[in-house]
file data-v7.cif (mmCIF, C-alpha atoms)
data_input
loop_
_atom_site.label_atom_id
_atom_site.label_comp_id
_atom_site.auth_asym_id
_atom_site.auth_seq_id
_atom_site.Cartn_x
_atom_site.Cartn_y
_atom_site.Cartn_z
CA MET A 1 47.21 -37.52 69.89
CA THR A 2 48.09 -36.25 66.41
CA GLU A 3 45.59 -34.42 64.21
CA SER A 4 45.47 -37.46 61.90
CA GLU A 5 44.49 -39.68 64.85
CA GLN A 6 41.90 -37.12 65.95
CA VAL A 7 40.29 -37.16 62.51
CA ASP A 8 40.26 -40.98 62.50
CA LEU A 9 38.55 -40.90 65.89
CA ALA A 10 36.04 -38.31 64.67
CA ARG A 11 35.27 -40.51 61.66
CA GLU A 12 34.43 -43.42 63.95
CA SER A 13 32.63 -41.67 66.81
CA PRO A 14 32.63 -37.86 66.52
CA GLY A 15 31.77 -35.93 69.68
CA TRP A 16 30.61 -32.34 69.79
CA ARG A 17 33.70 -31.24 71.74
CA PHE A 18 35.89 -32.30 68.82
CA TYR A 19 34.24 -29.67 66.63
CA LEU A 20 34.79 -26.91 69.22
CA GLN A 21 38.57 -26.95 69.01
CA GLU A 22 40.10 -23.49 69.08
CA LYS A 23 41.43 -23.62 65.52
CA ILE A 24 38.03 -24.71 64.16
CA LEU A 25 36.28 -21.85 65.97
CA VAL A 26 38.89 -19.35 64.76
CA VAL A 27 38.46 -20.48 61.15
CA PHE A 28 34.67 -20.27 61.59
CA PHE A 29 34.81 -16.60 62.65
CA LEU A 30 37.40 -15.79 60.01
CA GLY A 31 35.05 -17.40 57.50
CA PHE A 32 32.37 -14.97 58.65
CA SER A 33 34.72 -12.05 58.08
CA GLY A 34 35.73 -13.43 54.68
CA GLY A 35 32.18 -13.95 53.43
CA LEU A 36 30.64 -10.66 54.56
CA PRO A 37 32.02 -8.37 51.81
CA PHE A 38 31.25 -10.77 48.95
CA PRO A 39 27.47 -10.22 48.57
CA LEU A 40 27.99 -6.51 49.21
CA VAL A 41 29.93 -6.25 45.94
CA TYR A 42 27.93 -8.95 44.13
CA ALA A 43 24.34 -10.13 44.69
CA THR A 44 23.28 -7.49 47.24
CA LEU A 45 24.95 -4.79 45.19
CA THR A 46 22.96 -5.80 42.10
CA ALA A 47 19.71 -5.44 44.06
CA TRP A 48 20.74 -1.90 45.01
CA LEU A 49 21.60 -1.13 41.39
CA ASN A 50 18.26 -2.58 40.26
CA ASP A 51 16.44 -0.33 42.73
CA ALA A 52 18.46 2.62 41.42
CA GLY A 53 17.03 1.98 37.95
CA LEU A 54 20.15 0.80 36.10
CA GLN A 55 19.73 -1.44 33.04
CA LYS A 56 20.37 -5.19 33.33
CA SER A 57 23.29 -4.98 30.91
CA THR A 58 24.87 -2.29 33.10
CA ILE A 59 24.17 -4.22 36.31
CA SER A 60 25.80 -7.39 35.01
CA THR A 61 29.02 -5.53 34.15
CA PHE A 62 29.48 -5.04 37.90
CA ALA A 63 30.36 -8.75 37.94
CA TRP A 64 33.74 -7.61 36.62
CA ILE A 65 34.44 -6.09 40.04
CA GLY A 66 35.05 -9.73 40.91
CA PHE A 67 38.26 -9.58 38.86
CA ALA A 68 39.81 -8.36 42.12
CA TYR A 69 39.35 -11.95 43.30
CA ALA A 70 40.44 -13.38 39.96
CA PHE A 71 43.73 -11.47 39.85
CA LYS A 72 44.63 -11.61 43.52
CA PHE A 73 47.50 -13.98 42.75
CA LEU A 74 49.31 -10.95 41.29
CA TRP A 75 49.84 -9.44 44.75
CA SER A 76 49.72 -12.71 46.71
CA PRO A 77 53.56 -12.85 46.95
CA LEU A 78 53.35 -9.62 48.96
CA VAL A 79 50.91 -11.27 51.39
CA ASP A 80 53.31 -14.22 51.64
CA ARG A 81 56.51 -12.21 52.15
CA LEU A 82 55.96 -8.48 52.78
CA GLU A 83 56.30 -7.43 56.41
CA LEU A 84 53.92 -4.65 57.39
CA PRO A 85 55.39 -1.92 59.60
CA ILE A 86 54.60 -2.53 63.31
CA LEU A 87 51.77 -4.99 62.56
CA THR A 88 53.95 -7.92 61.45
CA ARG A 89 56.23 -7.58 64.45
CA ARG A 90 53.32 -7.46 66.88
CA LEU A 91 50.87 -9.89 65.28
CA GLY A 92 52.85 -12.12 62.92
CA ARG A 93 52.79 -12.57 59.14
CA ARG A 94 49.21 -13.82 58.66
CA ARG A 95 47.43 -11.82 61.36
CA ALA A 96 49.04 -8.55 60.24
CA TRP A 97 47.58 -8.86 56.75
CA LEU A 98 44.24 -10.00 58.17
CA LEU A 99 43.91 -6.92 60.34
CA LEU A 100 44.96 -4.48 57.60
CA SER A 101 42.49 -5.90 55.08
CA GLN A 102 39.63 -6.06 57.60
CA ILE A 103 40.01 -2.43 58.60
CA SER A 104 40.20 -1.44 54.92
CA ILE A 105 36.95 -3.32 54.17
CA GLY A 106 35.11 -1.57 57.00
CA ILE A 107 36.23 1.90 55.94
CA SER A 108 35.48 1.34 52.23
CA LEU A 109 31.99 -0.02 52.98
CA VAL A 110 31.21 3.16 54.90
CA ALA A 111 32.49 5.17 51.93
CA LEU A 112 30.34 3.13 49.53
CA SER A 113 27.22 3.89 51.57
CA GLY A 114 27.73 7.58 50.85
CA VAL A 115 27.69 7.29 47.04
CA ASN A 116 24.48 7.34 44.96
CA PRO A 117 24.83 4.70 42.19
CA ALA A 118 22.29 6.42 39.95
CA LEU A 119 23.99 9.81 40.06
CA ALA A 120 27.65 8.74 40.31
CA THR A 121 27.89 5.26 38.81
CA GLY A 122 31.61 5.57 38.08
CA ALA A 123 32.52 6.69 41.61
CA PHE A 124 30.27 3.99 43.03
CA ALA A 125 32.05 1.33 40.97
CA LEU A 126 35.47 2.67 42.02
CA VAL A 127 34.70 2.40 45.74
CA ALA A 128 33.18 -1.06 45.20
CA ILE A 129 36.47 -2.10 43.58
CA VAL A 130 38.33 -0.98 46.71
CA VAL A 131 35.99 -3.15 48.81
CA ALA A 132 36.60 -6.13 46.51
CA PHE A 133 40.39 -5.57 46.48
CA SER A 134 40.49 -5.46 50.28
CA SER A 135 38.22 -8.49 50.48
CA ALA A 136 40.41 -10.48 48.07
CA THR A 137 43.47 -9.63 50.18
CA GLN A 138 41.68 -10.80 53.30
CA ASP A 139 40.74 -14.04 51.52
CA MET A 140 44.40 -14.77 50.79
CA ALA A 141 45.39 -14.21 54.41
CA ILE A 142 42.51 -16.38 55.68
CA ASP A 143 43.27 -19.20 53.26
CA ALA A 144 46.94 -19.17 54.24
CA TYR A 145 46.04 -19.12 57.94
CA ARG A 146 43.57 -22.02 57.54
CA ILE A 147 46.01 -24.21 55.63
CA GLU A 148 48.96 -23.49 57.93
CA CYS A 149 47.15 -23.93 61.25
CA ALA A 150 46.43 -27.67 60.77
CA GLU A 151 47.59 -30.81 58.98
CA ASP A 152 46.06 -32.06 55.72
CA GLU A 153 43.84 -34.53 57.56
CA MET A 154 41.92 -31.67 59.19
CA GLN A 155 41.49 -29.54 56.06
CA ALA A 156 38.03 -30.94 55.22
CA LEU A 157 36.82 -30.07 58.74
CA LEU A 158 38.40 -26.63 58.59
CA ALA A 159 36.90 -26.12 55.13
CA ALA A 160 33.49 -26.94 56.61
CA ALA A 161 34.08 -24.53 59.53
CA TYR A 162 35.13 -21.82 57.09
CA GLN A 163 32.07 -22.48 54.94
CA TYR A 164 29.75 -22.29 57.96
CA GLY A 165 31.10 -18.90 58.93
CA TYR A 166 31.16 -17.78 55.32
CA ARG A 167 27.57 -18.82 54.68
CA ILE A 168 26.26 -17.15 57.82
CA SER A 169 27.95 -13.92 56.83
CA ILE A 170 26.55 -14.25 53.31
CA ILE A 171 23.10 -14.21 54.93
CA VAL A 172 24.02 -11.17 57.01
CA GLY A 173 25.34 -9.40 53.92
CA GLY A 174 22.42 -10.69 51.83
CA ALA A 175 19.22 -11.05 53.88
CA GLY A 176 20.36 -8.66 56.60
CA ALA A 177 21.22 -5.92 54.13
CA LEU A 178 18.00 -6.49 52.16
CA TYR A 179 15.84 -6.23 55.31
CA ILE A 180 17.54 -3.02 56.37
CA ALA A 181 17.31 -1.60 52.84
CA ASP A 182 13.61 -2.54 52.66
CA PHE A 183 12.68 -0.89 55.95
CA VAL A 184 15.29 1.88 56.21
CA SER A 185 17.70 2.56 53.33
CA TRP A 186 20.58 1.12 51.35
CA GLU A 187 22.94 3.64 52.92
CA ILE A 188 22.18 2.47 56.48
CA ALA A 189 22.33 -1.16 55.33
CA TYR A 190 25.92 -0.81 54.14
CA GLN A 191 26.95 1.11 57.24
CA CYS A 192 25.60 -1.72 59.41
CA MET A 193 27.55 -4.24 57.32
CA ALA A 194 30.72 -2.21 57.89
CA ALA A 195 30.13 -2.45 61.65
CA CYS A 196 29.93 -6.26 61.37
CA MET A 197 33.61 -6.35 60.35
CA VAL A 198 34.34 -5.92 64.07
CA ILE A 199 33.86 -9.71 64.34
CA GLY A 200 36.78 -10.35 62.00
CA VAL A 201 38.98 -7.74 63.68
CA GLY A 202 38.28 -9.23 67.11
CA THR A 203 39.06 -12.76 65.92
CA THR A 204 42.34 -11.64 64.37
CA LEU A 205 43.45 -9.89 67.55
CA LEU A 206 42.57 -12.86 69.78
CA CYS A 207 43.75 -15.83 67.68
CA LYS A 208 47.26 -17.29 67.57
CA GLU A 209 49.64 -16.93 64.65
CA PRO A 210 50.10 -20.33 62.94
CA THR A 211 53.55 -21.89 63.04
CA VAL A 212 54.98 -23.59 59.96
CA PRO A 213 58.42 -25.17 59.37
CA GLU A 214 60.86 -22.57 58.08
CA THR A 215 62.14 -23.14 54.56
CA ALA A 216 64.33 -21.22 52.15
CA GLU A 217 61.15 -19.74 50.70
CA THR A 218 59.72 -18.49 54.01
CA ILE A 219 62.87 -17.19 55.71
CA GLY A 220 63.96 -13.59 55.23
CA HIS A 221 62.50 -10.27 54.27
CA ILE A 222 61.02 -9.21 50.97
CA PHE A 223 63.56 -8.24 48.31
CA ASP A 224 66.48 -9.72 50.30
CA GLY A 225 69.35 -10.00 47.83
CA GLY A 226 67.58 -7.77 45.28
CA PHE A 227 64.34 -7.78 43.32
CA VAL A 228 65.24 -10.48 40.76
CA PRO A 229 66.08 -13.21 43.32
CA TRP A 230 62.94 -12.31 45.27
CA PHE A 231 60.81 -12.44 42.11
CA LYS A 232 62.15 -15.88 41.22
CA ALA A 233 61.60 -17.25 44.72
CA SER A 234 58.26 -15.59 45.55
CA VAL A 235 56.49 -15.27 42.18
CA VAL A 236 58.02 -17.85 39.83
CA GLY A 237 58.80 -20.41 42.54
CA PRO A 238 55.19 -21.29 43.45
CA PHE A 239 54.29 -21.94 39.80
CA VAL A 240 57.41 -24.02 39.18
CA ASP A 241 56.75 -26.05 42.32
CA PHE A 242 53.22 -26.93 41.21
CA PHE A 243 54.34 -28.07 37.75
CA ASP A 244 57.26 -29.98 39.26
CA ARG A 245 54.83 -31.97 41.37
CA TYR A 246 52.18 -32.68 38.71
CA GLY A 247 53.97 -32.29 35.38
CA THR A 248 51.99 -31.40 32.27
CA PHE A 249 48.81 -32.80 33.84
CA ALA A 250 48.88 -29.66 35.99
CA LEU A 251 47.34 -27.85 32.99
CA THR A 252 44.31 -30.15 33.07
CA MET A 253 43.99 -29.64 36.82
CA LEU A 254 44.10 -25.86 36.37
CA ALA A 255 41.44 -26.06 33.64
CA PHE A 256 39.18 -28.00 36.01
CA ILE A 257 39.73 -25.44 38.76
CA ALA A 258 38.94 -22.61 36.33
CA LEU A 259 35.65 -24.14 35.18
CA PHE A 260 34.39 -25.74 38.39
CA ARG A 261 32.03 -22.91 39.46
CA ILE A 262 31.49 -21.15 36.14
CA SER A 263 27.76 -21.92 35.86
CA ASP A 264 27.20 -20.70 39.43
CA TYR A 265 28.83 -17.32 38.82
CA VAL A 266 27.05 -16.78 35.51
CA LEU A 267 23.66 -17.36 37.14
CA GLY A 268 24.38 -15.68 40.47
CA ILE A 269 24.86 -12.16 39.14
CA LEU A 270 21.20 -12.02 37.99
CA ALA A 271 19.58 -14.05 40.78
CA ASN A 272 18.31 -11.10 42.83
CA PRO A 273 17.19 -9.04 39.79
CA PHE A 274 15.37 -12.21 38.58
CA TYR A 275 13.51 -12.61 41.89
CA LEU A 276 12.49 -8.95 41.82
CA ASP A 277 11.47 -9.01 38.15
CA ILE A 278 9.07 -11.96 38.51
CA GLY A 279 7.32 -10.38 41.48
CA PHE A 280 8.97 -11.35 44.76
CA THR A 281 9.48 -8.60 47.35
CA LYS A 282 12.85 -7.87 48.94
CA SER A 283 11.54 -9.25 52.26
CA GLN A 284 10.42 -12.50 50.59
CA ILE A 285 13.83 -12.82 48.96
CA ALA A 286 15.52 -12.20 52.30
CA SER A 287 13.31 -14.73 54.13
CA VAL A 288 13.46 -17.59 51.64
CA ALA A 289 16.49 -17.13 49.38
CA LYS A 290 18.70 -15.87 52.20
CA LEU A 291 17.52 -16.98 55.68
CA TYR A 292 15.93 -20.31 54.76
CA GLY A 293 18.66 -20.80 52.20
CA LEU A 294 21.25 -20.44 54.95
CA TRP A 295 20.00 -23.53 56.78
CA VAL A 296 19.96 -25.55 53.58
CA ALA A 297 23.47 -24.39 52.74
CA LEU A 298 24.70 -25.30 56.23
CA PHE A 299 23.24 -28.76 55.77
CA GLY A 300 25.05 -28.99 52.43
CA ILE A 301 28.32 -27.85 54.03
CA ALA A 302 28.05 -30.55 56.69
CA GLY A 303 27.21 -33.07 53.97
CA GLY A 304 30.28 -32.06 51.99
CA GLY A 305 32.62 -32.38 54.99
CA TRP A 306 31.12 -35.74 55.95
CA ALA A 307 31.29 -37.03 52.35
CA VAL A 308 34.99 -36.15 51.98
CA ILE A 309 35.83 -37.95 55.24
CA LYS A 310 33.59 -40.93 54.45
CA PHE A 311 34.12 -41.43 50.70
CA GLY A 312 37.26 -39.40 49.87
CA GLN A 313 37.79 -36.58 47.40
CA SER A 314 37.34 -38.58 44.19
CA LYS A 315 33.64 -39.42 44.42
CA THR A 316 32.65 -36.21 46.16
CA LEU A 317 34.45 -34.00 43.62
CA ILE A 318 32.48 -35.52 40.74
CA ALA A 319 29.23 -35.28 42.72
CA ALA A 320 29.91 -31.62 43.53
CA ALA A 321 30.54 -30.66 39.90
CA THR A 322 27.33 -32.41 38.85
CA LEU A 323 25.22 -30.75 41.54
CA ILE A 324 26.41 -27.23 40.66
CA ALA A 325 25.36 -27.56 37.03
CA THR A 326 22.10 -29.49 37.32
CA THR A 327 20.51 -27.53 40.17
CA ASN A 328 20.58 -24.36 38.04
CA LEU A 329 17.74 -25.86 36.00
CA PHE A 330 15.36 -25.29 38.92
CA PHE A 331 15.57 -21.57 38.18
CA ALA A 332 14.16 -22.24 34.70
CA VAL A 333 11.14 -23.91 36.33
CA LEU A 334 10.73 -20.92 38.67
CA ALA A 335 10.69 -18.61 35.65
CA TYR A 336 7.62 -20.52 34.41
CA THR A 337 5.78 -20.58 37.76
CA GLY A 338 6.29 -16.92 38.55
CA PRO A 339 6.24 -15.59 42.15
CA ASN A 340 5.15 -18.91 43.71
CA ILE A 341 6.66 -19.06 47.19
CA TRP A 342 6.83 -22.88 47.24
CA ALA A 343 8.55 -23.00 43.89
CA LEU A 344 11.09 -20.53 45.31
CA VAL A 345 11.55 -22.76 48.38
CA ALA A 346 12.21 -25.81 46.17
CA THR A 347 14.67 -23.91 43.97
CA ILE A 348 16.59 -22.51 46.93
CA SER A 349 16.63 -25.93 48.63
CA PHE A 350 18.39 -27.67 45.77
CA ASP A 351 20.62 -24.76 44.78
CA ASN A 352 21.88 -23.87 48.25
CA PHE A 353 22.52 -27.49 49.21
CA ALA A 354 24.62 -27.83 46.05
CA GLN A 355 26.55 -24.64 46.85
CA GLY A 356 27.28 -25.68 50.43
CA PHE A 357 28.26 -29.24 49.51
CA SER A 358 30.46 -28.25 46.58
CA GLY A 359 32.08 -25.37 48.46
CA THR A 360 33.42 -27.62 51.20
CA VAL A 361 34.57 -30.30 48.75
CA PHE A 362 36.30 -27.77 46.49
CA ILE A 363 38.10 -25.94 49.30
CA ALA A 364 39.40 -29.25 50.67
CA TYR A 365 40.58 -30.20 47.18
CA LEU A 366 42.42 -26.92 46.59
CA SER A 367 44.00 -27.09 50.04
CA SER A 368 45.36 -30.57 49.27
CA LEU A 369 47.22 -29.15 46.25
CA THR A 370 48.98 -26.39 48.18
CA ASN A 371 52.62 -26.47 49.29
CA VAL A 372 53.02 -24.71 52.69
CA SER A 373 56.19 -23.05 51.40
CA PHE A 374 53.99 -20.96 49.08
CA THR A 375 50.64 -21.12 50.88
CA ALA A 376 49.14 -17.72 50.07
CA THR A 377 50.52 -17.55 46.52
CA GLN A 378 49.53 -21.05 45.37
CA TYR A 379 46.09 -20.98 46.95
CA ALA A 380 45.53 -17.50 45.53
CA LEU A 381 46.40 -18.86 42.08
CA PHE A 382 43.90 -21.70 42.46
CA SER A 383 41.09 -19.56 43.86
CA SER A 384 41.78 -16.81 41.31
CA LEU A 385 41.42 -19.29 38.47
CA SER A 386 38.21 -20.59 40.02
CA VAL A 387 36.55 -17.18 39.67
CA PHE A 388 38.24 -15.59 36.62
CA PHE A 389 36.28 -17.16 33.74
CA GLY A 390 33.06 -17.20 35.75
CA LYS A 391 33.33 -13.47 36.45
CA LEU A 392 34.37 -12.73 32.86
CA ILE A 393 31.40 -14.54 31.32
CA ALA A 394 29.04 -13.31 34.07
CA GLY A 395 29.71 -9.79 32.85
CA TYR A 396 27.70 -10.70 29.74
CA SER A 397 24.88 -12.46 31.63
CA GLY A 398 22.59 -9.46 31.25
CA ASP A 399 23.11 -9.40 27.49
CA VAL A 400 22.36 -13.13 27.20
CA GLN A 401 19.25 -12.79 29.37
CA GLU A 402 17.94 -9.86 27.33
CA LEU A 403 18.50 -11.93 24.17
CA VAL A 404 17.00 -15.31 25.17
CA GLY A 405 14.85 -14.54 28.25
CA TYR A 406 15.17 -15.98 31.72
CA VAL A 407 14.34 -19.60 30.85
CA GLY A 408 16.89 -19.74 28.04
CA PHE A 409 19.43 -18.00 30.25
CA PHE A 410 19.13 -20.58 33.04
CA VAL A 411 19.47 -23.48 30.58
CA TYR A 412 22.55 -21.74 29.19
CA ALA A 413 24.01 -21.37 32.71
CA ALA A 414 23.46 -25.06 33.46
CA ALA A 415 25.06 -26.12 30.16
CA LEU A 416 28.21 -24.19 31.06
CA GLY A 417 28.74 -26.70 33.88
CA ILE A 418 29.11 -29.73 31.58
CA PRO A 419 32.87 -29.25 30.91
CA SER A 420 33.42 -29.12 34.68
CA ILE A 421 31.76 -32.52 35.15
CA ILE A 422 33.87 -34.07 32.38
CA LEU A 423 37.09 -32.58 33.76
CA ALA A 424 36.22 -33.74 37.29
CA ILE A 425 36.12 -37.33 36.03
CA VAL A 426 39.42 -36.89 34.17
CA VAL A 427 41.17 -35.26 37.14
CA VAL A 428 39.98 -37.92 39.58
CA ARG A 429 41.16 -40.76 37.33
CA HIS A 430 44.64 -39.28 36.91
CA THR A 431 45.27 -37.91 40.41
CA PRO A 432 47.68 -40.10 42.44
CA ALA A 433 45.85 -42.13 45.09
CA GLU A 434 47.89 -40.59 47.92
CA ASN A 435 46.57 -37.13 46.99
CA ARG A 436 42.91 -38.13 46.78
CA ASN A 437 42.35 -38.99 50.44
CA ASP A 438 40.24 -41.97 49.38
CA HIS A 439 39.26 -44.66 51.82
CA ASP A 440 36.77 -47.47 51.97
#

call {"tool": "encode", "arguments": {"input": "data-v7.cif", "output": "structure tokens"}}
result
Amino acid sequence: MTESEQVDLARESPGWRFYLQEKILVVFFLGFSGGLPFPLVYATLTAWLNDAGLQKSTISTFAWIGFAYAFKFLWSPLVDRLELPILTRRLGRRRAWLLLSQISIGISLVALSGVNPALATGAFALVAIVVAFSSATQDMAIDAYRIECAEDEMQALLAAAYQYGYRISIIVGGAGALYIADFVSWEIAYQCMAACMVIGVGTTLLCKEPTVPETAETIGHIFDGGFVPWFKASVVGPFVDFFDRYGTFALTMLAFIALFRISDYVLGILANPFYLDIGFTKSQIASVAKLYGLWVALFGIAGGGWAVIKFGQSKTLIAAATLIATTNLFFAVLAYTGPNIWALVATISFDNFAQGFSGTVFIAYLSSLTNVSFTATQYALFSSLSVFFGKLIAGYSGDVQELVGYVGFFVYAAALGIPSIILAIVVVRHTPAENRNDHD
């Protein structure tokens, strides 16, 4: 039975064994490894900086560490083509880069735990950049592995599996780190997070290298025939291929990708400082915003995977863009209510469902645009665009908040999502039917 037939069967009468296929479980655990470093250089990191007494305007500039994710396409051709000594021969192209990046993340997290952000802010930022760089490299290897290990028909399911693992690790790196920091210290919290990277290392060592049809772009070693031919094939080629397939409309598609999550990033950098400022404790944040939020996000992830299979990408893409923008308004209400635990529960319920739902839908959409001849490079381009403008503008979130207050800031963040909704409608209307995966 082909993967396409398996997905059709799952759509009609899914059984639990279908969702325990080896490749789905592998992507789940790789998702855990991929998500763990993100809060440790983003939301969790800002809580540490807030505790250290740094100003909001300084804290928000740490959002620019995320440029490591935004510019990862610059070294993505290396992940696609560069053979690592010993590792590539023993593990294969994708697993070699996975292992290298995972070990680098673990070591740099331990190093970060030994730096005091109040006394050595510059050194702290430098080590955090190394964590983000290693994490971005791991993301490219995971994305390439996920796309190459299954046919297009399974990408929504694999996106959901990835999101499940990712979200669980976000809780470990968010709630878990906050609990440890609250009862022990930030230093121990980050050392414990470094130890959790063992899960990713173990998965990489035990999983199978994906097999893809060899093409002119995937055969050979890096720089074969000289640098210029390699540069054309590995760096220019992926961009040319994308524009060859979609023409000038590719620019509109790239604009949509760039703006899809902008309101989420702008708000997210100040979420934890906001909770602390209005009176919630770190344990309350961990319990509601992180642990309870995990279950809501998992429900949203499942909803996103089901919606793509049931209704296709067109309707779900528009719904996802709308949810991301509108649910940010719940934070404005929370700013009025103050430290009301039920208001926090309501806010987290809507926001985390939207994040889970939209994450699955968006990953499936980006995967459908990728040519397996340039898997890591093209997906890196798409995912880099999806974070670049969000991270850039998020760097000024603290300045906007100090100028207009929290309520005005959250309205501003929601308004930034309007262009994404408009572009989602445009993209859906102009995308060829065969690329939308629509069905009745």

call {"tool": "residues_around", "arguments": {"input": "data-v7.cif", "residues": "Ala194 of chain A", "least_positions_apart": "2", "cutoff": "9 Å", "atoms": "all atoms listed in the file", "output": "PyMOL selection string"}}
result
chain A and resi 37+105-110+189-192+196-198

call {"tool": "closest_residue", "arguments": {"input": "data-v7.cif", "among": "A:Ser383, A:Thr360, A:Thr211, A:Thr281", "to": "Asp182 of chain A", "atoms": "only C-alpha atoms"}}
result
A:Thr281

call {"tool": "residues_around", "arguments": {"input": "data-v7.cif", "residues": "Tyr42 of chain A", "least_positions_apart": "5", "cutoff": "8 Å", "atoms": "all atoms listed in the file", "output": "PDB file with C-alpha atoms, keeping the file's coordinate frame"}}
result
ATOM      1  CA  PHE A  62      29.480  -5.040  37.900  1.00  0.00           C
ATOM      2  CA  ALA A  63      30.360  -8.750  37.940  1.00  0.00           C
ATOM      3  CA  GLY A  66      35.050  -9.730  40.910  1.00  0.00           C
ATOM      4  CA  ILE A 269      24.860 -12.160  39.140  1.00  0.00           C
TER       5      ILE A 269
END

call {"tool": "resolve_selection", "arguments": {"input": "data-v7.cif", "expression": "the PyMOL selection byres ((chain A and resi 200) around 9)", "output": "ChimeraX atom specification"}}
result
/A:29-34,98-99,102,196-199,201-205

call {"tool": "closest_residue", "arguments": {"input": "data-v7.cif", "among": "A:Gly173, A:Pro419, A:Gly408, A:Pro229", "to": "Val333 of chain A", "atoms": "only C-alpha atoms"}}
result
A:Gly408

call {"tool": "atom_distance", "arguments": {"input": "data-v7.cif", "atom1": "atom CA of Gln55 of chain A", "atom2": "atom CA of Val400 of chain A"}}
result
13.3 Å

call {"tool": "residues_near_point", "arguments": {"input": "data-v7.cif", "point": "(1.9, -15.6, 41.1)", "cutoff": "10 Å", "atoms": "only C-alpha atoms", "output": "PyMOL selection string"}}
result
chain A and resi 278-280+337-341

call {"tool": "write_last_selection", "arguments": {"input": "data-v7.cif", "atoms": "C-alpha atoms", "output": "PDB file, in the frame of the given file"}}
result
ATOM      1  CA  ILE A 278       9.070 -11.960  38.510  1.00  0.00           C
ATOM      2  CA  GLY A 279       7.320 -10.380  41.480  1.00  0.00           C
ATOM      3  CA  PHE A 280       8.970 -11.350  44.760  1.00  0.00           C
ATOM      4  CA  THR A 337       5.780 -20.580  37.760  1.00  0.00           C
ATOM      5  CA  GLY A 338       6.290 -16.920  38.550  1.00  0.00           C
ATOM      6  CA  PRO A 339       6.240 -15.590  42.150  1.00  0.00           C
ATOM      7  CA  ASN A 340       5.150 -18.910  43.710  1.00  0.00           C
ATOM      8  CA  ILE A 341       6.660 -19.060  47.190  1.00  0.00           C
TER       9      ILE A 341
END

call {"tool": "atom_distance", "arguments": {"input": "data-v7.cif", "atom1": "atom CA of Ala195 of chain A", "atom2": "atom CA of Trp64 of chain A"}}
result
25.8 Å
